[in-house]
Amino acid sequence: MWRLNKVRHKDGRQGDSVEELKLKRREHEKALRQARRDRQLVSKRLLLNDDEDQPEVTMDTISGEHDVVSLLHKLQQSGPERDAHLKALSKALRDPSAQLTFIKQENSMHLLVGLLTGSDATCRLHAVRCLHELSHSPITNVAPACLPATPYLLTYLSGQSTKFTELCLYTLGNLCPDSDAVKEKLLAQGIIPALANCIENQRPNLAVVEAVGFTLSQLLQAKDAAEKIVPMVLASSLPSHLLSVLTPDPKFGLAPAIECAWCLHYLTCSVKDNRVLLSHGALFQCSSLLVSLGGAVAEGNKEEGMELFICPLLRCLGNLLSSCPAKDLSAQMGDVRIVVALCALLQAYLQTQPALARESAWVLNNLTAHSSALCSALLTLNLVPGLIQLLPFSQGINTMILRVLANIAHKKKEFCVQLAHRGLLSALCATLKMADQEMVTLSMDVLFMLVVSGPQVSEEFVKQGGLSLLEAIQYNSEGEIRQRATHLLEQHLMS
């Protein structure tokens, strides 16, 4: 099964400390993705050197500021020690005070850009490491100070060095959210076509692909992304490349697929018309992956990090459905196994990840609103009893399940009879007694469709004590609910 590997496959010095560092890094990146899933916030990411065993800065502030000034003076002189001075500078720049000192020094950025664009490959790598440390700064005016370097960072995305390209990408991704000026400049400098070219040329290199996904997701979360960024992305080759990455590599892990899935989510929720993504087969791709993931989860294979992949896929699918004409749904979706998968995800994450269970129910609601065939599949595959059992759950899950059941009942009268035979009437008798007014209102809607579907359903409801229940509801504090109860009693049950 697909795994979220804790160790990225990169060239580097072997040893326990290196592997431990990479493990910490993967755990940190997982936490960042979790934060994105929960709050959809931009987040910065710091890549550590392979020969480091911890990211913490141990120098004191005064020493760090002094080191920066001293190292800048030394770097102005050419010589064999320049590489060592640059490496020392990159470490010194982990201290926020040192970062502030650096940008205040005259010609400091000009010097760094000169080293970044020089002929010495080692100096270039250490220079981009310095920029990467600056991009991770919590100080807001550090990012604009890095603007002179951004054209070169974008140019280097077409380079051959994996480590160098990766550093450039994460540096650009870190700079994006800090300043509107930086973001506008990057857009004007062509960051979107640069990312498209990079992911196309580096497609076999999943570490770089993951970094492209991170940088693009930072851009797509901007407040004005829907107007300024999303149209540029949709007009580029990026959508097809993002979709191609969604199928995870079993050796590398889920990380690139997770980043690209979040990019697609930000795209689908930023526009009302998702025909561009539909034309690339996004609906089929997302639903097929969810079918596979739902099948794995149903068998008990809940690999670590899988939920961080499932969540954006669910959101993509739910958003795409609103742009897909009902007549094209069956061709776009593939087969009815998607409802089996969604029910499996609902059950699997109900206790441990209720938010994910609610997302699954939301997609199921969107699907059943569009398709009679999928409503029929829920009945034919005997999935409805499992859904009915979820009605006592709160956190928005029960209301969404009721909407799914209402969609089924709305499609055909014979579906109403089948719902009644599967125990929905007794479940409604319980939900009508709930304190949640929304649940009571939805229950009344579903009950009305069942009762008017035929006399046998009405008779069964009366046998289960439905008359006294509706009579009690006539005293509900909500006028609309009282009116519905009276209408059912007088027009359909007691006439």
# chains A, B, ... in the order shown; residues from 1 in each chain; ligands from 1
$ residues_around --residues "Glu460 of chain A" --least-positions-apart "3" --cutoff "10 Å" --atoms "only C-alpha atoms" --output "ChimeraX atom specification"
/A:420-421,425-426,451,455-457,463-466
$ residues_around --residues "Ser453 of chain A" --least-positions-apart "2" --cutoff "7 Å" --atoms "only C-alpha atoms" --output "list in words"
Lys413, Cys416, Met449, Leu450 and Val451 of chain A
$ write_last_selection --atoms "N, CA, C and O atoms" --output "short mmCIF file (atom, residue, chain, number, x, y, z; two decimals), in the first residue's frame"
data_model
loop_
_atom_site.label_atom_id
_atom_site.label_comp_id
_atom_site.auth_asym_id
_atom_site.auth_seq_id
_atom_site.Cartn_x
_atom_site.Cartn_y
_atom_site.Cartn_z
N LYS A 413 -40.29 7.24 -5.98
CA LYS A 413 -41.17 6.77 -4.91
C LYS A 413 -40.78 5.36 -4.46
O LYS A 413 -40.90 5.03 -3.28
N CYS A 416 -38.33 5.42 -1.84
CA CYS A 416 -38.91 5.72 -0.53
C CYS A 416 -39.37 4.44 0.17
O CYS A 416 -39.15 4.25 1.37
N MET A 449 -41.60 12.99 2.28
CA MET A 449 -41.42 12.25 1.02
C MET A 449 -41.76 10.78 1.19
O MET A 449 -42.33 10.16 0.28
N LEU A 450 -41.45 10.21 2.35
CA LEU A 450 -41.77 8.79 2.58
C LEU A 450 -43.27 8.58 2.70
O LEU A 450 -43.84 7.65 2.10
N VAL A 451 -43.91 9.46 3.46
CA VAL A 451 -45.35 9.29 3.72
C VAL A 451 -46.18 9.43 2.44
O VAL A 451 -47.13 8.68 2.20
#
$ residues_around --residues "Asp180 of chain A" --least-positions-apart "3" --cutoff "10 Å" --atoms "only C-alpha atoms" --output "list in words"
Pro144, Leu175, Cys176, Pro177, Lys183, Glu184, Lys185, Leu186, Ala222, Lys223 and Asp224 of chain A
$ select_by_dssp --residues "segment 137-201 of chain A" --states "alpha helix (DSSP H)" --output "JSON list (two decimals) with C-alpha atoms, in the first residue's frame"
[["chain", "number", "residue", "atom", "x", "y", "z"],
["A", 142, "VAL", "CA", 13.23, 40.35, 5.16],
["A", 143, "ALA", "CA", 11.26, 38.93, 2.21],
["A", 144, "PRO", "CA", 11.17, 42.22, 0.21],
["A", 145, "ALA", "CA", 14.93, 42.53, 0.78],
["A", 150, "THR", "CA", 14.14, 36.18, -7.29],
["A", 151, "PRO", "CA", 14.79, 36.45, -11.07],
["A", 152, "TYR", "CA", 17.84, 34.22, -10.66],
["A", 153, "LEU", "CA", 15.99, 31.75, -8.42],
["A", 154, "LEU", "CA", 13.35, 31.43, -11.15],
["A", 155, "THR", "CA", 15.99, 30.99, -13.84],
["A", 162, "THR", "CA", 18.20, 18.41, -7.73],
["A", 163, "LYS", "CA", 19.37, 19.84, -4.43],
["A", 164, "PHE", "CA", 19.87, 23.32, -5.89],
["A", 165, "THR", "CA", 16.49, 23.36, -7.66],
["A", 166, "GLU", "CA", 14.75, 22.13, -4.54],
["A", 167, "LEU", "CA", 16.30, 24.90, -2.45],
["A", 168, "CYS", "CA", 15.26, 27.51, -5.01],
["A", 169, "LEU", "CA", 11.68, 26.23, -4.99],
["A", 170, "TYR", "CA", 11.27, 26.18, -1.22],
["A", 171, "THR", "CA", 12.89, 29.61, -0.98],
["A", 172, "LEU", "CA", 10.40, 31.02, -3.48],
["A", 173, "GLY", "CA", 7.56, 29.25, -1.68],
["A", 174, "ASN", "CA", 8.59, 30.79, 1.63],
["A", 175, "LEU", "CA", 8.83, 34.29, 0.14],
["A", 180, "ASP", "CA", 2.16, 41.36, -1.71],
["A", 181, "ALA", "CA", 5.03, 43.16, -3.41],
["A", 182, "VAL", "CA", 7.07, 39.95, -3.55],
["A", 183, "LYS", "CA", 4.10, 37.97, -4.85],
["A", 184, "GLU", "CA", 3.31, 40.56, -7.53],
["A", 185, "LYS", "CA", 6.95, 40.68, -8.58],
["A", 186, "LEU", "CA", 7.17, 36.90, -8.83],
["A", 187, "LEU", "CA", 4.04, 36.77, -10.97],
["A", 188, "ALA", "CA", 5.42, 39.49, -13.24],
["A", 191, "ILE", "CA", 6.77, 32.17, -11.71],
["A", 192, "ILE", "CA", 3.75, 30.26, -13.08],
["A", 193, "PRO", "CA", 5.36, 29.27, -16.43],
["A", 194, "ALA", "CA", 8.62, 28.61, -14.56],
["A", 195, "LEU", "CA", 6.85, 26.17, -12.23],
["A", 196, "ALA", "CA", 5.13, 24.53, -15.20],
["A", 197, "ASN", "CA", 8.43, 24.03, -17.00],
["A", 198, "CYS", "CA", 10.11, 22.79, -13.84],
["A", 199, "ILE", "CA", 7.54, 20.10, -13.04],
["A", 200, "GLU", "CA", 7.54, 19.00, -16.70],
["A", 201, "ASN", "CA", 11.32, 18.72, -16.92]]
$ residues_around --residues "His85 of chain A" --least-positions-apart "3" --cutoff "9 Å" --atoms "only C-alpha atoms" --output "MDAnalysis selection string"
chainID A and resid 71:72 74:75 81:82 88:90
$ residues_around --residues "Gly294 of chain A" --least-positions-apart "5" --cutoff "7 Å" --atoms "only C-alpha atoms" --output "NGL selection string"
:A and (341-342 or 344-345)
$ closest_residue --among "A:Gln77, A:Ser135, A:Ser394, A:Thr101" --to "Leu46 of chain A" --atoms "only C-alpha atoms"
A:Ser135
$ closest_residue --among "A:Thr368, A:Ala406, A:Leu264, A:Lys411" --to "Ile338 of chain A" --atoms "only C-alpha atoms"
A:Thr368
$ residues_around --residues "Glu210 of chain A" --least-positions-apart "3" --cutoff "8 Å" --atoms "only C-alpha atoms" --output "PDB file with N, CA and C atoms, in the first residue's frame"
ATOM      1  N   LEU A 206      10.837  13.196  -7.852  1.00  0.00           N
ATOM      2  CA  LEU A 206       9.672  13.485  -7.019  1.00  0.00           C
ATOM      3  C   LEU A 206       9.962  14.469  -5.894  1.00  0.00           C
ATOM      4  N   ALA A 207      11.214  14.574  -5.460  1.00  0.00           N
ATOM      5  CA  ALA A 207      11.548  15.573  -4.441  1.00  0.00           C
ATOM      6  C   ALA A 207      11.325  16.979  -4.997  1.00  0.00           C
ATOM      7  N   GLY A 213       4.898  21.601  -5.899  1.00  0.00           N
ATOM      8  CA  GLY A 213       3.563  21.596  -5.315  1.00  0.00           C
ATOM      9  C   GLY A 213       3.465  22.517  -4.115  1.00  0.00           C
ATOM     10  N   PHE A 214       4.499  22.506  -3.268  1.00  0.00           N
ATOM     11  CA  PHE A 214       4.506  23.382  -2.100  1.00  0.00           C
ATOM     12  C   PHE A 214       4.484  24.855  -2.518  1.00  0.00           C
ATOM     13  N   ALA A 255       4.001  12.102  -0.256  1.00  0.00           N
ATOM     14  CA  ALA A 255       4.221  13.543  -0.095  1.00  0.00           C
ATOM     15  C   ALA A 255       3.980  14.363  -1.367  1.00  0.00           C
ATOM     16  N   PRO A 256       4.558  14.013  -2.533  1.00  0.00           N
ATOM     17  CA  PRO A 256       4.277  14.818  -3.734  1.00  0.00           C
ATOM     18  C   PRO A 256       2.797  14.820  -4.106  1.00  0.00           C
ATOM     19  N   ALA A 257       2.151  13.670  -3.977  1.00  0.00           N
ATOM     20  CA  ALA A 257       0.725  13.581  -4.302  1.00  0.00           C
ATOM     21  C   ALA A 257      -0.098  14.463  -3.367  1.00  0.00           C
ATOM     22  N   GLU A 259       0.881  17.277  -1.833  1.00  0.00           N
ATOM     23  CA  GLU A 259       1.063  18.681  -2.205  1.00  0.00           C
ATOM     24  C   GLU A 259       0.239  19.025  -3.451  1.00  0.00           C
ATOM     25  N   CYS A 260       0.284  18.163  -4.451  1.00  0.00           N
ATOM     26  CA  CYS A 260      -0.439  18.438  -5.695  1.00  0.00           C
ATOM     27  C   CYS A 260      -1.952  18.350  -5.497  1.00  0.00           C
TER      28      CYS A 260
END
$ closest_residue --among "A:Leu432, A:Ala409, A:Met400, A:Ala357" --to "Ser376 of chain A" --atoms "only C-alpha atoms"
A:Ala409
$ closest_residue --among "A:Lys91, A:His241, A:His280, A:His370" --to "Ala326 of chain A" --atoms "only C-alpha atoms"
A:His370
$ residues_around --residues "Lys87 of chain A" --least-positions-apart "4" --cutoff "10 Å" --atoms "only C-alpha atoms" --output "PyMOL selection string"
chain A and resi 71+82-83+91-92+122-123+125-127+129-130
